[in-house]
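Visitor: Before I ask anything, let me first share the structure, which is written out below as structure tokens.
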Amino acid sequence: MRFLTSGESHGPKLTAIIEGFPSNLPVDKERMESELFKRQGGYGRGRRMQIEKDSFEFGSGVRHGKTLGSPIMIELTNDDFKSWTKIMGSDPLSPEEEDTLKRVITKPRPGHADLVGGMKYNHRDLRNILERSSARETAARVAVGALCKELLHALDIDITSRVKQIGEVVDEGEYSYSEIVEKAAVSSVRMADEAKTKECEALIDAAKKKGDSIGGIVEVIVNNPVPGLGSHVHYDRKLDAKIAGSVISINAFKGVEFGLGFKMASTPGSKVHDEILYNEAEGYTRKSNNLGGFEGGMTTGMPIVVNAVMKPIPTLYKPLMSVDINTKEPFKATIERSDACAVPAASVVCEHMVAIELATSILDKFPHDDFEELKQSIEQYKTRVREY
Ligand code: EPS
């Protein structure tokens, strides 16, 4: 399975094309759209999300609620484009319009793609970079991930996410999978602890007031993954490595851990590695899950636990110093409308990137022209490894 997205933040639309999905997979469009609505939410989002309503249309590949096996096209309209038709339109502007309408950006924001992208692609208007590097594109990725979640759902694999930290507020509670699902859904910041949710809101309000932004840590958990996805035999077949790469590809993500993660540095091997157990009903299991569901780049069958850190958004209402690319004089960076904190939304994006990697690894391993063929093949394999 492979996919591409296209689209600029204030352009007409976002598009995704997904190729290599099995035929005859039922897809619930409403359930997919509920994932997109989750990404739009979260305390700390700016005004843009009040303008957009991220519903989507299938342009191809789905008929009467089931996949055809042909490429699937998903299209999301940017409602805000109505206010940007001239600035972001594909037609050339007249010389007068160039002067009055273009809103040229020449003061790159530290931490954003503006400056390096401008140098590399040789643009004098940094909007030509920031429009594509904007996190708006993650809406298309969540749509692809939501399709992958339809596949995982049909295979009884569950995936969820939550926010563990915003700024200095850390949720240190221990929760079961179902508690995370329930509690994150009703928290304005997708955090399981109610009291900490309020602390996060106050922190975000304070940051907003100061014209600042804050980052945080998100967690993704996959329940009931098929064991043996990925492979130990080559670096580019290790599934944990692929997940790490996909997570870091999310705008503003800077670090990723599995299971105990960086705490492993200060924990002896006897307390890190997960002892092996066996029972007839489940087959091989582990006494603990410190390795977060991976050994040798392959899923063990234990839950996959991924933590990742998002830096504070670089667009600041109280901007840092920069340089004007025309005059080369020091200037405050451009102020663009932005979010004070997008960690809750980013947790949803992270969940969907993990779903994409997981679905891809399943489709890599098993025959999948037709969904029933895929399902039967996985069942046979699971029986074999249970009895191994
Ligand atoms: C973003 C800036 C804001 C965010 C945007 C990402 O958009 P705008 O510049 O239109 O106010 O809301 O996020 C989205 C549009 C989205 O869908 O997540 C940025 O600079 O990256």
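Chain identifiers are assigned as A, B, and so on, following the order in which chains appear in the structure tokens; residues are numbered from 1 within each chain, and ligands are numbered from 1 in order of appearance.
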Determine, counting only C-alpha atoms, which protein, DNA and RNA residues have an atom within 9 Å of an atom of Leu320 in chain A; residues of the same chain fewer than 3 positions away are not included. Present the result as a PyMOL selection string.

Guide: chain A and resi 109-110+316+331-333

Visitor: Do you know which residues are at most 12 Å from Ser178 in chain A counting only C-alpha atoms, after dropping those on the same chain fewer than 4 positions away, and could you put them as a list in words?

Guide: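 After dropping sequence-adjacent residues, the list is Asp158, Ile159, Thr160, Ser161, Arg162, Glu174, Glu182, Lys183, Ala184, Ala185, Ala192, Ile221, Val222 and Asn223 of chain A.
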
Visitor: What would the file look like if the residues just selected were written as an mmCIF file, in the first residue's frame with N, CA and C atoms?

Guide:
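And here is the file that came out, result24.cif:
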data_model
loop_
_atom_site.group_PDB
_atom_site.id
_atom_site.type_symbol
_atom_site.label_atom_id
_atom_site.label_comp_id
_atom_site.auth_asym_id
_atom_site.auth_seq_id
_atom_site.Cartn_x
_atom_site.Cartn_y
_atom_site.Cartn_z
ATOM 1 N N ASP A 158 -7.196 -2.804 17.555
ATOM 2 C CA ASP A 158 -7.654 -1.490 18.031
ATOM 3 C C ASP A 158 -6.476 -0.547 18.178
ATOM 4 N N ILE A 159 -6.718 0.719 17.931
ATOM 5 C CA ILE A 159 -5.654 1.717 18.086
ATOM 6 C C ILE A 159 -6.254 2.995 18.674
ATOM 7 N N THR A 160 -5.538 3.577 19.632
ATOM 8 C CA THR A 160 -6.015 4.822 20.230
ATOM 9 C C THR A 160 -4.817 5.708 20.598
ATOM 10 N N SER A 161 -5.130 6.916 21.079
ATOM 11 C CA SER A 161 -4.060 7.849 21.456
ATOM 12 C C SER A 161 -4.524 8.734 22.588
ATOM 13 N N ARG A 162 -3.558 9.357 23.258
ATOM 14 C CA ARG A 162 -3.874 10.322 24.304
ATOM 15 C C ARG A 162 -2.717 11.306 24.424
ATOM 16 N N GLU A 174 -1.853 5.647 35.637
ATOM 17 C CA GLU A 174 -1.790 4.370 34.898
ATOM 18 C C GLU A 174 -3.225 4.043 34.486
ATOM 19 N N GLU A 182 -12.035 6.165 26.793
ATOM 20 C CA GLU A 182 -13.150 6.934 27.377
ATOM 21 C C GLU A 182 -12.712 8.307 27.867
ATOM 22 N N LYS A 183 -11.623 8.338 28.623
ATOM 23 C CA LYS A 183 -11.231 9.588 29.289
ATOM 24 C C LYS A 183 -10.664 10.616 28.298
ATOM 25 N N ALA A 184 -9.877 10.156 27.329
ATOM 26 C CA ALA A 184 -9.304 11.111 26.359
ATOM 27 C C ALA A 184 -10.415 11.747 25.523
ATOM 28 N N ALA A 185 -11.474 10.974 25.261
ATOM 29 C CA ALA A 185 -12.557 11.479 24.407
ATOM 30 C C ALA A 185 -13.294 12.647 25.048
ATOM 31 N N ALA A 192 -6.074 11.912 29.978
ATOM 32 C CA ALA A 192 -6.970 11.052 30.763
ATOM 33 C C ALA A 192 -7.328 11.661 32.123
ATOM 34 N N ILE A 221 -1.367 3.727 21.351
ATOM 35 C CA ILE A 221 -1.372 2.324 21.786
ATOM 36 C C ILE A 221 -2.145 1.481 20.767
ATOM 37 N N VAL A 222 -1.551 0.363 20.381
ATOM 38 C CA VAL A 222 -2.237 -0.571 19.481
ATOM 39 C C VAL A 222 -2.484 -1.853 20.252
ATOM 40 N N ASN A 223 -3.734 -2.253 20.323
ATOM 41 C CA ASN A 223 -4.104 -3.469 21.034
ATOM 42 C C ASN A 223 -4.295 -4.611 20.045
#

Visitor: Mind giving me the straight-line distance from CA of Asp28 in chain A to CA of Ile356 in chain A in Å, one decimal?

Guide: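 Value for the CA of Asp28 in chain A-CA of Ile356 in chain A distance: 17.0 Å.
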
Visitor: Mind the document's chain letters and residue numbers, and return as JSON, numbers by chain the residues of range 23-189 of chain A that DSSP labels helix (DSSP H, G or I).

Guide: {"A": [29, 30, 31, 32, 33, 34, 35, 36, 37, 38, 39, 40, 48, 49, 50, 51, 79, 80, 81, 82, 83, 84, 85, 86, 87, 88, 95, 96, 97, 98, 99, 100, 101, 114, 115, 116, 117, 118, 119, 120, 121, 127, 128, 129, 130, 131, 132, 133, 135, 136, 137, 138, 139, 140, 141, 142, 143, 144, 145, 146, 147, 148, 149, 150, 151, 152, 153, 154, 177, 178, 179, 180, 181, 182, 183, 184, 185, 186]}

Visitor: Taking only C-alpha atoms and all ligand atoms into account, which residues are within 9 Å of ligand 1, as JSON, numbers by chain?

Guide: {"A": [9, 10, 39, 40, 45, 46, 47, 48, 49, 51, 52, 54, 78, 80, 112, 130, 131, 132, 133, 134, 135, 136, 137, 138, 139, 251, 313, 314, 315, 336, 337, 338, 339, 342, 345, 346]}

Visitor: Using DSSP assignments from the backbone, pull out every residue in range 181-353 of chain A that falls under strand (DSSP E) and give it to me as a PyMOL selection string.

Guide: chain A and resi 216-223+253-258+276-279+283-286+294-295+298-299+304-310+321-323+330-332

Visitor: Generate the output file for the selected residues, C-alpha atoms, as a tab-separated table (two decimals), in the first residue's frame.

Guide:
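Saved file selection.tsv follows:
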chain	number	residue	atom	x	y	z
A	216	GLY	CA	3.98	18.20	24.68
A	217	ILE	CA	4.08	14.41	24.57
A	218	VAL	CA	1.51	12.09	23.00
A	219	GLU	CA	1.06	8.34	23.28
A	220	VAL	CA	-0.33	5.84	20.77
A	221	ILE	CA	-1.37	2.32	21.79
A	222	VAL	CA	-2.24	-0.57	19.48
A	223	ASN	CA	-4.10	-3.47	21.03
A	253	PHE	CA	7.58	16.16	16.01
A	254	LYS	CA	11.11	15.85	17.36
A	255	GLY	CA	11.46	12.58	19.26
A	256	VAL	CA	9.95	9.12	19.53
A	257	GLU	CA	10.20	6.26	22.06
A	258	PHE	CA	8.84	2.73	22.34
A	276	ILE	CA	8.17	-14.94	28.05
A	277	LEU	CA	5.03	-16.88	29.10
A	278	TYR	CA	2.87	-19.45	27.30
A	279	ASN	CA	-0.78	-20.50	27.59
A	283	GLY	CA	0.04	-18.72	22.79
A	284	TYR	CA	3.20	-16.78	23.70
A	285	THR	CA	2.76	-13.64	25.81
A	286	ARG	CA	5.02	-11.46	27.98
A	294	PHE	CA	8.76	-4.84	19.48
A	295	GLU	CA	11.71	-7.23	19.41
A	298	MET	CA	9.02	-7.19	14.66
A	299	THR	CA	5.76	-7.00	16.60
A	304	ILE	CA	2.48	-1.42	20.62
A	305	VAL	CA	3.21	1.63	22.79
A	306	VAL	CA	4.69	4.70	21.07
A	307	ASN	CA	5.44	8.03	22.78
A	308	ALA	CA	6.43	11.11	20.82
A	309	VAL	CA	7.31	14.73	21.56
A	310	MET	CA	6.02	17.76	19.67
A	321	MET	CA	13.91	38.01	15.67
A	322	SER	CA	14.56	37.15	12.04
A	323	VAL	CA	16.03	38.77	8.93
A	330	PRO	CA	17.00	42.35	11.29
A	331	PHE	CA	13.24	42.23	11.68
A	332	LYS	CA	10.63	40.50	13.83

Visitor: Using only C-alpha atoms, can you tell me which of A:Ser288, A:Ser70, A:Ser266, A:Ser213 comes closest to Pro22 in chain A?

Guide: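 With only C-alpha atoms as the atom set, the closest residue is A:Ser70.
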
Visitor: I need the residue nearest Ile243 in chain A from this list: A:Leu358, A:Ala140, A:Val181, A:Met264. Use only C-alpha atoms for the distance.

Guide: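 Using only C-alpha atoms, the shortest distance to Ile243 in chain A belongs to A:Leu358.
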
Visitor: Using only C-alpha atoms, which of the listed residues (A:Asn24, A:Asn290, A:Thr15, A:Thr300) sits closest to Leu151 in chain A?

Guide: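 Of the candidates, the smallest distance to Leu151 in chain A is held by A:Asn24.
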
Visitor: Kindly indicate which residue among A:Ile378, A:Met73, A:Val348, A:Ile18 lies nearest to Val189 in chain A, using only C-alpha atoms for the distances.

Guide: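 Checking each candidate against Val189 in chain A, we get A:Val348 as the closest.
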
Visitor: In Å to one decimal, how far is CA of Arg127 in chain A from CA of Ile87 in chain A?

Guide: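 Calculated distance between CA of Ile87 in chain A and CA of Arg127 in chain A is 9.8 Å.
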